[in-house]
$ cat target_17.cif   # mmCIF, C-alpha atoms
data_protein
#
loop_
_atom_site.label_atom_id
_atom_site.label_comp_id
_atom_site.auth_asym_id
_atom_site.auth_seq_id
_atom_site.Cartn_x
_atom_site.Cartn_y
_atom_site.Cartn_z
CA MET A 1 -6.56 -13.15 65.79
CA SER A 2 -8.70 -10.04 65.41
CA GLU A 3 -11.97 -10.46 63.53
CA ASN A 4 -10.76 -7.60 61.31
CA ILE A 5 -7.62 -9.43 60.18
CA SER A 6 -7.99 -12.63 58.20
CA THR A 7 -5.51 -14.99 56.57
CA GLU A 8 -5.68 -17.67 53.93
CA THR A 9 -3.11 -19.59 51.91
CA ARG A 10 -3.53 -20.01 48.16
CA ASP A 11 -0.87 -21.64 46.01
CA ARG A 12 1.73 -21.05 48.74
CA VAL A 13 0.79 -17.38 49.00
CA ARG A 14 -0.31 -16.24 52.46
CA VAL A 15 -2.95 -13.54 51.99
CA ILE A 16 -3.31 -11.23 55.01
CA ARG A 17 -6.40 -9.07 54.70
CA ILE A 18 -7.38 -5.94 56.63
CA SER A 19 -11.17 -5.86 56.85
CA ARG A 20 -12.90 -3.11 58.78
CA PRO A 21 -14.67 -1.33 55.93
CA GLU A 22 -17.10 0.57 58.16
CA ARG A 23 -14.07 2.52 59.48
CA LYS A 24 -12.07 2.56 56.24
CA ASN A 25 -9.93 -0.28 57.61
CA ALA A 26 -8.51 1.96 60.37
CA LEU A 27 -6.12 -0.01 62.56
CA THR A 28 -6.68 -0.61 66.28
CA GLN A 29 -4.12 -1.94 68.77
CA GLU A 30 -5.79 -5.36 68.51
CA MET A 31 -5.47 -5.29 64.73
CA TYR A 32 -1.78 -4.39 64.93
CA ASP A 33 -1.21 -7.38 67.21
CA ALA A 34 -3.11 -9.64 64.81
CA LEU A 35 -1.11 -8.34 61.83
CA ALA A 36 2.14 -8.97 63.69
CA ASP A 37 1.02 -12.50 64.60
CA ALA A 38 -0.02 -13.20 61.00
CA LEU A 39 3.30 -11.98 59.58
CA LEU A 40 5.34 -13.93 62.11
CA ALA A 41 3.29 -17.05 61.42
CA ALA A 42 3.84 -16.67 57.68
CA ALA A 43 7.57 -16.19 58.22
CA GLY A 44 7.76 -19.50 60.07
CA ASP A 45 5.45 -21.56 57.85
CA ASP A 46 7.05 -23.51 54.99
CA GLU A 47 3.69 -23.63 53.23
CA ALA A 48 3.75 -19.85 52.88
CA ARG A 49 6.49 -18.77 50.50
CA VAL A 50 5.15 -15.29 49.73
CA VAL A 51 2.96 -12.82 51.66
CA LEU A 52 0.26 -10.63 50.10
CA LEU A 53 -1.22 -7.72 52.08
CA ALA A 54 -4.65 -6.53 50.98
CA GLY A 55 -7.58 -4.49 52.19
CA THR A 56 -11.22 -4.56 51.15
CA ASP A 57 -12.84 -3.33 47.93
CA GLY A 58 -11.89 0.30 47.43
CA CYS A 59 -9.87 0.66 50.64
CA PHE A 60 -6.42 -0.44 51.77
CA THR A 61 -6.24 1.27 55.18
CA SER A 62 -6.85 4.81 56.40
CA GLY A 63 -4.16 4.37 59.06
CA ASN A 64 -4.59 4.53 62.81
CA ASP A 65 -7.94 4.45 64.51
CA ILE A 66 -7.73 7.74 66.41
CA ALA A 67 -9.41 6.51 69.61
CA SER A 68 -7.19 3.44 69.78
CA PHE A 69 -4.14 5.50 68.84
CA LEU A 70 -4.72 7.86 71.78
CA SER A 71 -5.42 5.09 74.28
CA ALA A 72 -1.77 3.98 74.49
CA PRO A 73 1.65 5.38 73.53
CA PRO A 74 2.05 4.40 69.86
CA LEU A 75 5.56 2.98 70.04
CA SER A 76 6.32 2.63 73.73
CA GLY A 77 7.88 -0.66 74.84
CA GLU A 78 9.15 -3.66 72.93
CA ASP A 79 5.80 -5.46 73.18
CA ASN A 80 3.77 -2.52 71.93
CA PRO A 81 1.44 -3.80 69.16
CA VAL A 82 2.45 -1.09 66.68
CA ARG A 83 6.15 -1.76 67.14
CA ARG A 84 5.57 -5.54 66.95
CA PHE A 85 3.82 -5.09 63.61
CA MET A 86 6.47 -2.74 62.24
CA LEU A 87 9.33 -5.10 63.07
CA ALA A 88 7.41 -8.17 61.85
CA LEU A 89 6.91 -6.53 58.45
CA ALA A 90 10.34 -4.87 58.20
CA GLU A 91 12.08 -8.13 59.11
CA CYS A 92 9.85 -10.56 57.20
CA PRO A 93 12.28 -12.91 55.39
CA LYS A 94 9.84 -13.75 52.60
CA PRO A 95 8.73 -11.55 49.70
CA VAL A 96 5.84 -9.26 50.68
CA LEU A 97 3.49 -7.77 48.11
CA ALA A 98 0.72 -5.22 48.61
CA ALA A 99 -2.49 -4.72 46.65
CA VAL A 100 -3.65 -1.13 47.17
CA THR A 101 -6.95 0.49 46.25
CA GLY A 102 -8.48 3.58 47.78
CA PRO A 103 -6.97 5.19 50.91
CA ALA A 104 -3.46 4.25 52.05
CA ILE A 105 -2.92 6.88 54.72
CA GLY A 106 -0.38 7.27 57.52
CA VAL A 107 0.89 3.84 58.46
CA GLY A 108 -1.11 2.61 55.46
CA ALA A 109 1.38 4.55 53.35
CA THR A 110 4.57 3.94 55.35
CA LEU A 111 4.05 0.18 55.45
CA LEU A 112 4.28 0.17 51.64
CA LEU A 113 7.92 1.23 51.99
CA HIS A 114 8.63 -2.14 53.62
CA CYS A 115 6.88 -4.22 50.96
CA ASP A 116 8.93 -5.69 48.13
CA LEU A 117 6.32 -5.11 45.44
CA VAL A 118 3.30 -2.78 45.41
CA TYR A 119 0.42 -2.87 42.92
CA ALA A 120 -1.90 0.13 43.04
CA GLY A 121 -5.35 0.79 41.66
CA ASP A 122 -6.37 3.98 39.91
CA SER A 123 -8.42 4.92 43.00
CA ALA A 124 -5.38 4.72 45.31
CA ARG A 125 -4.82 7.82 47.44
CA ILE A 126 -1.55 7.69 49.35
CA GLN A 127 -0.79 10.21 52.08
CA PHE A 128 1.84 10.88 54.75
CA PRO A 129 -0.22 13.31 56.90
CA PHE A 130 1.94 13.33 60.02
CA VAL A 131 3.01 16.99 60.17
CA ASN A 132 -0.58 18.14 59.64
CA LEU A 133 -1.56 16.03 62.66
CA GLY A 134 1.11 17.60 64.85
CA ILE A 135 3.29 14.49 64.88
CA CYS A 136 6.36 13.25 63.01
CA PRO A 137 6.95 10.54 60.38
CA GLU A 138 7.07 6.91 61.55
CA PHE A 139 7.98 3.38 60.42
CA ALA A 140 11.44 4.56 59.27
CA SER A 141 9.83 6.70 56.56
CA SER A 142 12.11 9.63 57.44
CA PHE A 143 15.01 7.37 56.42
CA ILE A 144 13.56 5.39 53.53
CA LEU A 145 11.78 8.15 51.59
CA PRO A 146 14.86 10.39 51.03
CA ARG A 147 16.91 7.35 50.00
CA LEU A 148 14.17 6.29 47.61
CA MET A 149 13.45 9.58 45.87
CA GLY A 150 15.86 12.26 47.13
CA HIS A 151 15.49 14.82 49.88
CA GLN A 152 13.42 17.41 48.05
CA ARG A 153 10.70 15.08 46.84
CA ALA A 154 10.58 13.29 50.20
CA ALA A 155 10.32 16.65 51.97
CA GLU A 156 7.39 17.61 49.75
CA LEU A 157 5.51 14.44 50.71
CA ILE A 158 6.24 14.74 54.44
CA LEU A 159 6.09 18.50 55.07
CA PHE A 160 2.89 19.13 53.09
CA GLY A 161 1.27 15.76 53.75
CA GLU A 162 -0.86 16.02 50.63
CA PRO A 163 -2.50 12.93 49.07
CA PHE A 164 -1.33 11.63 45.70
CA GLY A 165 -2.39 8.94 43.30
CA ALA A 166 -1.02 5.71 41.93
CA ASP A 167 0.72 7.26 38.92
CA ARG A 168 2.71 9.53 41.22
CA ALA A 169 3.49 6.59 43.50
CA VAL A 170 5.03 4.72 40.56
CA GLU A 171 6.99 7.81 39.53
CA LEU A 172 8.38 8.15 43.06
CA GLY A 173 9.29 4.47 43.36
CA ILE A 174 6.67 3.60 45.98
CA ALA A 175 4.61 1.38 43.65
CA ASN A 176 5.47 -0.91 40.76
CA GLU A 177 2.40 -0.72 38.59
CA VAL A 178 -0.96 1.05 38.19
CA LEU A 179 -4.06 -0.92 37.25
CA VAL A 180 -7.81 -0.42 37.25
CA ASP A 181 -9.12 -1.25 40.70
CA ALA A 182 -10.82 -4.47 39.60
CA ASP A 183 -7.48 -5.90 38.42
CA VAL A 184 -5.23 -4.92 41.34
CA GLU A 185 -5.57 -7.95 43.59
CA ARG A 186 -5.65 -10.33 40.62
CA ARG A 187 -2.37 -8.88 39.32
CA ALA A 188 -0.75 -8.90 42.76
CA MET A 189 -1.82 -12.52 43.28
CA GLU A 190 -0.52 -13.48 39.84
CA ARG A 191 2.90 -12.00 40.64
CA ALA A 192 2.87 -13.59 44.09
CA ARG A 193 2.14 -17.02 42.61
CA THR A 194 5.03 -16.59 40.18
CA LEU A 195 7.38 -15.90 43.08
CA ALA A 196 5.93 -18.74 45.16
CA ALA A 197 6.70 -21.17 42.33
CA GLY A 198 10.37 -20.16 42.39
CA PRO A 199 13.24 -21.49 44.53
CA PRO A 200 12.27 -20.46 48.10
CA GLN A 201 15.69 -20.28 49.72
CA THR A 202 17.10 -18.35 46.79
CA LEU A 203 14.22 -15.86 46.99
CA ARG A 204 14.78 -15.35 50.70
CA THR A 205 18.51 -14.91 50.17
CA ALA A 206 17.97 -12.36 47.41
CA LYS A 207 15.55 -10.38 49.59
CA SER A 208 17.93 -10.58 52.54
CA LEU A 209 20.75 -9.14 50.45
CA LEU A 210 18.53 -6.35 49.11
CA LYS A 211 17.61 -5.30 52.67
CA ARG A 212 20.71 -6.36 54.55
CA TRP A 213 22.65 -3.12 54.46
CA ASP A 214 19.87 -1.04 56.02
CA GLY A 215 18.29 -3.64 58.31
CA ASP A 216 19.86 -2.62 61.62
CA ARG A 217 19.36 1.08 60.90
CA THR A 218 15.67 0.55 60.15
CA THR A 219 14.99 -0.76 63.65
CA GLU A 220 17.05 2.05 65.19
CA ILE A 221 15.11 4.66 63.22
CA ILE A 222 11.71 3.14 64.02
CA ASP A 223 12.56 3.55 67.71
CA ALA A 224 14.02 7.05 67.28
CA GLU A 225 10.95 8.23 65.38
CA GLY A 226 8.77 6.62 68.04
CA GLU A 227 10.42 8.62 70.82
CA GLU A 228 9.88 11.87 68.92
CA LEU A 229 6.32 10.91 68.05
CA ASN A 230 5.44 10.18 71.69
CA THR A 231 6.86 13.56 72.73
CA LEU A 232 4.92 15.43 70.04
CA LEU A 233 1.73 13.50 70.71
CA ASN A 234 1.66 14.88 74.27
CA GLY A 235 2.21 18.44 73.05
CA PRO A 236 -0.23 21.24 72.23
CA GLU A 237 0.16 21.07 68.46
CA ALA A 238 -0.97 17.45 68.29
CA ARG A 239 -3.83 18.16 70.68
CA GLU A 240 -5.05 20.97 68.44
CA ALA A 241 -4.65 18.89 65.27
CA ILE A 242 -6.42 15.84 66.66
CA THR A 243 -9.19 17.91 68.23
CA ALA A 244 -9.71 19.69 64.91
CA PHE A 245 -9.79 16.32 63.12
CA SER A 246 -12.44 15.04 65.54
CA GLU A 247 -14.47 18.24 65.13
CA LYS A 248 -14.06 18.13 61.33
CA ARG A 249 -12.49 21.57 61.12
CA LYS A 250 -9.16 22.99 60.00
CA PRO A 251 -6.56 23.15 62.82
CA ASP A 252 -5.35 26.57 63.92
CA PHE A 253 -1.62 26.69 64.71
CA SER A 254 -1.41 30.50 64.71
CA SER A 255 -0.89 30.75 68.49
CA PHE A 256 2.11 28.41 68.61
#
$ encode --input "target_17.cif" --output "structure tokens"
Amino acid sequence: MSENISTETRDRVRVIRISRPERKNALTQEMYDALADALLAAAGDDEARVVLLAGTDGCFTSGNDIASFLSAPPLSGEDNPVRRFMLALAECPKPVLAAVTGPAIGVGATLLLHCDLVYAGDSARIQFPFVNLGICPEFASSFILPRLMGHQRAAELILFGEPFGADRAVELGIANEVLVDADVERRAMERARTLAAGPPQTLRTAKSLLKRWDGDRTTEIIDAEGEELNTLLNGPEAREAITAFSEKRKPDFSSF
């Protein structure tokens, strides 16, 4: 288990926490592996009836750690840490809730699409920045977002990659409720405890039916997006975007 990923069980709720505040909870390959392990352990533990994903005060996760992201193909191979995490979350048989404050960027945004309930603070800033980084959407977001909100609104989120707040997330169907930051995790935990006190097999069956009809397609799309992402990541547009990000300047795509 990575030192940046911790777990605890409270009232049959398995809390999985991302904690790397000095880097805005950016995810490394090691952290992805630890998240996958934590989700798989929760799925197989009868003492954990519900899963709650949380970050630290004022930050959910800013997405991929750039250095770690560039050190290995993001979605290459079945044992790749990113893919392991994505499938562990997408296929988790138990209800998954998220408590979101501050940045939820990139995979920090797309993972919310695989949670069953999302509670967001008034500081939440959600962003799908892929196109601006010279890469494509991931974690089946190219499939889920249009189904959730329609093509035009999904296209606006993906093609512009602009950040938006919790109120907009509720309007678009990404989040369930907006709260002041101080109340977000308390509210999420309250709702998680309510679920955990319910009939466990019935809850799992209800979730399975809700996700059943798209389950196989989700895995297929994760892999298809991954192939496109790997191709783009090795191209000149991504190199310019990532270099510009590292140099804290605006990328220049005028020569492409």
$ closest_residue --input "target_17.cif" --among "A:Asp79, A:Asp214, A:Glu156, A:Glu3" --to "Ala140 in chain A" --atoms "only C-alpha atoms"
A:Asp214
$ closest_residue --input "target_17.cif" --among "A:Leu52, A:Ala196, A:Ala241, A:Leu179" --to "Leu112 in chain A" --atoms "only C-alpha atoms"
A:Leu52
$ resolve_selection --input "target_17.cif" --expression "the PyMOL selection byres ((chain A and resi 35-39) around 9)" --output "list of chain:residue names"
A:Met1, A:Ser2, A:Ile5, A:Ser6, A:Thr7, A:Ile16, A:Arg17, A:Ile18, A:Glu30, A:Met31, A:Tyr32, A:Asp33, A:Ala34, A:Leu40, A:Ala41, A:Ala42, A:Ala43, A:Gly44, A:Val51, A:Pro81, A:Val82, A:Arg83, A:Arg84, A:Phe85, A:Met86, A:Leu87, A:Ala88, A:Leu89, A:Cys92
$ resolve_selection --input "target_17.cif" --expression "the PyMOL selection byres ((chain A and resi 149-153) around 12)" --output "NGL selection string"
:A and (113 or 141-148 or 154-161 or 168-174)
$ resolve_selection --input "target_17.cif" --expression "the PyMOL selection byres ((chain A and resi 69) around 12)" --output "VMD selection string"
chain A and resid 26 to 32 63 to 68 70 to 76 80 to 82 107 229 to 230 233 242
$ atom_distance --input "target_17.cif" --atom1 "CA of Ala188 in chain A" --atom2 "CA of Gly106 in chain A"
21.9 Å
$ closest_residue --input "target_17.cif" --among "A:Ile221, A:Ala124, A:Pro95, A:Asn132" --to "Arg239 in chain A" --atoms "all atoms listed in the file"
A:Asn132
$ atom_distance --input "target_17.cif" --atom1 "CA of Asp252 in chain A" --atom2 "CA of Pro137 in chain A"
20.5 Å
$ atom_distance --input "target_17.cif" --atom1 "CA of Arg249 in chain A" --atom2 "CA of Ile135 in chain A"
17.7 Å
$ residues_around --input "target_17.cif" --residues "Glu47 in chain A" --least-positions-apart "4" --cutoff "9 Å" --atoms "only C-alpha atoms" --output "PyMOL selection string"
chain A and resi 9+11-14+42
$ closest_residue --input "target_17.cif" --among "A:Glu237, A:Glu177, A:Asp116, A:Asp216" --to "Ala192 in chain A" --atoms "all atoms listed in the file"
A:Asp116
$ closest_residue --input "target_17.cif" --among "A:Asp46, A:Leu232, A:Met189, A:Val131" --to "Val15 in chain A" --atoms "all atoms listed in the file"
A:Met189
$ residues_near_point --input "target_17.cif" --point "(-6.3, 4.9, 54.1)" --cutoff "7 Å" --atoms "only C-alpha atoms" --output "list in words"
Lys24, Cys59, Phe60, Thr61, Ser62, Gly63, Gly102, Pro103, Ala104, Ile105 and Gly108 of chain A
$ closest_residue --input "target_17.cif" --among "A:Pro21, A:Gly134, A:Pro93, A:Pro251" --to "Thr202 in chain A" --atoms "all atoms listed in the file"
A:Pro93
$ residues_around --input "target_17.cif" --residues "Val118 in chain A" --least-positions-apart "3" --cutoff "7 Å" --atoms "all atoms listed in the file" --output "short mmCIF file (atom, residue, chain, number, x, y, z; two decimals) with C-alpha atoms, in the coordinates of the input"
data_model
loop_
_atom_site.label_atom_id
_atom_site.label_comp_id
_atom_site.auth_asym_id
_atom_site.auth_seq_id
_atom_site.Cartn_x
_atom_site.Cartn_y
_atom_site.Cartn_z
CA LEU A 97 3.49 -7.77 48.11
CA ALA A 98 0.72 -5.22 48.61
CA ALA A 99 -2.49 -4.72 46.65
CA LEU A 112 4.28 0.17 51.64
CA CYS A 115 6.88 -4.22 50.96
CA ALA A 175 4.61 1.38 43.65
CA ASN A 176 5.47 -0.91 40.76
#
$ decode --input "target_17.cif" --residues "range 23-151 of chain A" --atoms "C-alpha atoms" --output "short mmCIF file (atom, residue, chain, number, x, y, z; two decimals), in the first residue's frame"
data_model
loop_
_atom_site.label_atom_id
_atom_site.label_comp_id
_atom_site.auth_asym_id
_atom_site.auth_seq_id
_atom_site.Cartn_x
_atom_site.Cartn_y
_atom_site.Cartn_z
CA ARG A 23 1.29 17.77 -4.94
CA LYS A 24 -2.47 18.40 -4.87
CA ASN A 25 -3.02 14.65 -4.50
CA ALA A 26 -1.60 13.97 -7.99
CA LEU A 27 -1.60 10.25 -8.71
CA THR A 28 1.56 8.22 -9.35
CA GLN A 29 1.75 4.69 -10.75
CA GLU A 30 2.30 3.41 -7.19
CA MET A 31 -0.81 5.24 -6.00
CA TYR A 32 -2.90 3.77 -8.81
CA ASP A 33 -1.77 0.29 -7.79
CA ALA A 34 -2.62 1.03 -4.16
CA LEU A 35 -6.06 2.37 -5.11
CA ALA A 36 -6.75 -0.75 -7.17
CA ASP A 37 -5.65 -2.99 -4.29
CA ALA A 38 -7.82 -1.04 -1.83
CA LEU A 39 -10.90 -1.26 -4.06
CA LEU A 40 -10.42 -4.97 -4.72
CA ALA A 41 -9.93 -5.61 -1.01
CA ALA A 42 -13.13 -3.72 -0.19
CA ALA A 43 -15.02 -5.67 -2.84
CA GLY A 44 -14.02 -8.95 -1.21
CA ASP A 45 -14.45 -7.95 2.44
CA ASP A 46 -17.83 -8.63 4.05
CA GLU A 47 -17.08 -6.02 6.69
CA ALA A 48 -17.04 -3.33 4.01
CA ARG A 49 -20.52 -2.84 2.57
CA VAL A 50 -19.95 0.60 1.05
CA VAL A 51 -16.86 2.43 -0.26
CA LEU A 52 -16.16 6.15 0.22
CA LEU A 53 -13.44 7.86 -1.83
CA ALA A 54 -12.02 11.06 -0.37
CA GLY A 55 -9.06 13.37 -0.68
CA THR A 56 -7.56 15.80 1.81
CA ASP A 57 -8.90 19.15 3.03
CA GLY A 58 -9.56 21.34 0.01
CA CYS A 59 -8.34 18.84 -2.60
CA PHE A 60 -9.75 15.68 -4.16
CA THR A 61 -7.09 14.97 -6.80
CA SER A 62 -5.44 17.04 -9.52
CA GLY A 63 -5.14 13.94 -11.71
CA ASN A 64 -1.97 12.35 -13.00
CA ASP A 65 1.45 13.21 -11.71
CA ILE A 66 3.07 14.32 -14.96
CA ALA A 67 6.49 12.74 -14.31
CA SER A 68 4.94 9.41 -13.37
CA PHE A 69 2.47 9.66 -16.24
CA LEU A 70 5.31 10.02 -18.77
CA SER A 71 7.43 7.25 -17.27
CA ALA A 72 5.18 4.46 -18.59
CA PRO A 73 2.41 4.06 -21.18
CA PRO A 74 -0.75 5.09 -19.30
CA LEU A 75 -2.97 2.17 -20.29
CA SER A 76 -0.63 -0.38 -21.85
CA GLY A 77 -1.06 -3.98 -20.73
CA GLU A 78 -3.59 -5.69 -18.51
CA ASP A 79 -1.44 -5.24 -15.39
CA ASN A 80 -0.86 -1.54 -15.95
CA PRO A 81 -1.63 0.27 -12.65
CA VAL A 82 -3.94 2.83 -14.28
CA ARG A 83 -5.99 0.18 -16.04
CA ARG A 84 -6.10 -1.96 -12.86
CA PHE A 85 -7.53 1.00 -10.95
CA MET A 86 -10.05 1.87 -13.65
CA LEU A 87 -11.43 -1.67 -13.83
CA ALA A 88 -11.42 -2.08 -10.04
CA LEU A 89 -13.58 1.04 -9.68
CA ALA A 90 -15.79 0.46 -12.73
CA GLU A 91 -16.48 -3.13 -11.65
CA CYS A 92 -16.76 -2.58 -7.89
CA PRO A 93 -19.89 -4.52 -6.84
CA LYS A 94 -20.58 -2.35 -3.80
CA PRO A 95 -21.91 1.22 -3.70
CA VAL A 96 -19.12 3.79 -4.14
CA LEU A 97 -19.48 7.36 -2.94
CA ALA A 98 -17.12 10.29 -3.45
CA ALA A 99 -16.55 13.36 -1.28
CA VAL A 100 -15.10 16.11 -3.47
CA THR A 101 -13.58 19.43 -2.46
CA GLY A 102 -11.16 21.53 -4.46
CA PRO A 103 -9.56 20.20 -7.67
CA ALA A 104 -10.99 17.11 -9.38
CA ILE A 105 -9.05 17.20 -12.62
CA GLY A 106 -8.47 14.67 -15.40
CA VAL A 107 -8.85 11.21 -13.93
CA GLY A 108 -10.00 13.00 -10.77
CA ALA A 109 -13.03 14.05 -12.81
CA THR A 110 -13.56 10.92 -14.90
CA LEU A 111 -13.49 8.62 -11.88
CA LEU A 112 -16.56 10.46 -10.57
CA LEU A 113 -18.50 9.05 -13.52
CA HIS A 114 -18.00 5.56 -12.05
CA CYS A 115 -19.12 6.47 -8.53
CA ASP A 116 -22.72 5.85 -7.54
CA LEU A 117 -23.09 9.02 -5.48
CA VAL A 118 -21.00 12.21 -5.50
CA TYR A 119 -21.10 14.97 -2.87
CA ALA A 120 -19.27 18.15 -3.82
CA GLY A 121 -18.10 21.15 -1.85
CA ASP A 122 -18.51 24.73 -2.96
CA SER A 123 -14.76 24.86 -3.67
CA ALA A 124 -14.92 21.92 -6.10
CA ARG A 125 -13.36 22.60 -9.50
CA ILE A 126 -13.97 19.78 -11.97
CA GLN A 127 -12.13 19.67 -15.28
CA PHE A 128 -11.68 17.33 -18.25
CA PRO A 129 -8.50 18.95 -19.69
CA PHE A 130 -7.47 16.21 -22.10
CA VAL A 131 -7.71 18.01 -25.45
CA ASN A 132 -5.74 20.97 -24.09
CA LEU A 133 -2.98 18.52 -23.12
CA GLY A 134 -2.85 17.02 -26.60
CA ILE A 135 -4.48 13.76 -25.54
CA CYS A 136 -7.97 12.25 -25.65
CA PRO A 137 -10.61 11.47 -23.00
CA GLU A 138 -10.11 8.37 -20.83
CA PHE A 139 -11.86 6.11 -18.31
CA ALA A 140 -14.83 5.64 -20.69
CA SER A 141 -15.71 9.33 -20.34
CA SER A 142 -16.21 9.63 -24.12
CA PHE A 143 -19.03 7.09 -23.70
CA ILE A 144 -20.51 8.03 -20.33
CA LEU A 145 -20.63 11.83 -20.64
CA PRO A 146 -22.82 11.98 -23.80
CA ARG A 147 -25.18 9.37 -22.33
CA LEU A 148 -25.38 11.36 -19.11
CA MET A 149 -25.97 14.84 -20.47
CA GLY A 150 -26.29 14.71 -24.27
CA HIS A 151 -23.71 15.21 -26.99
#
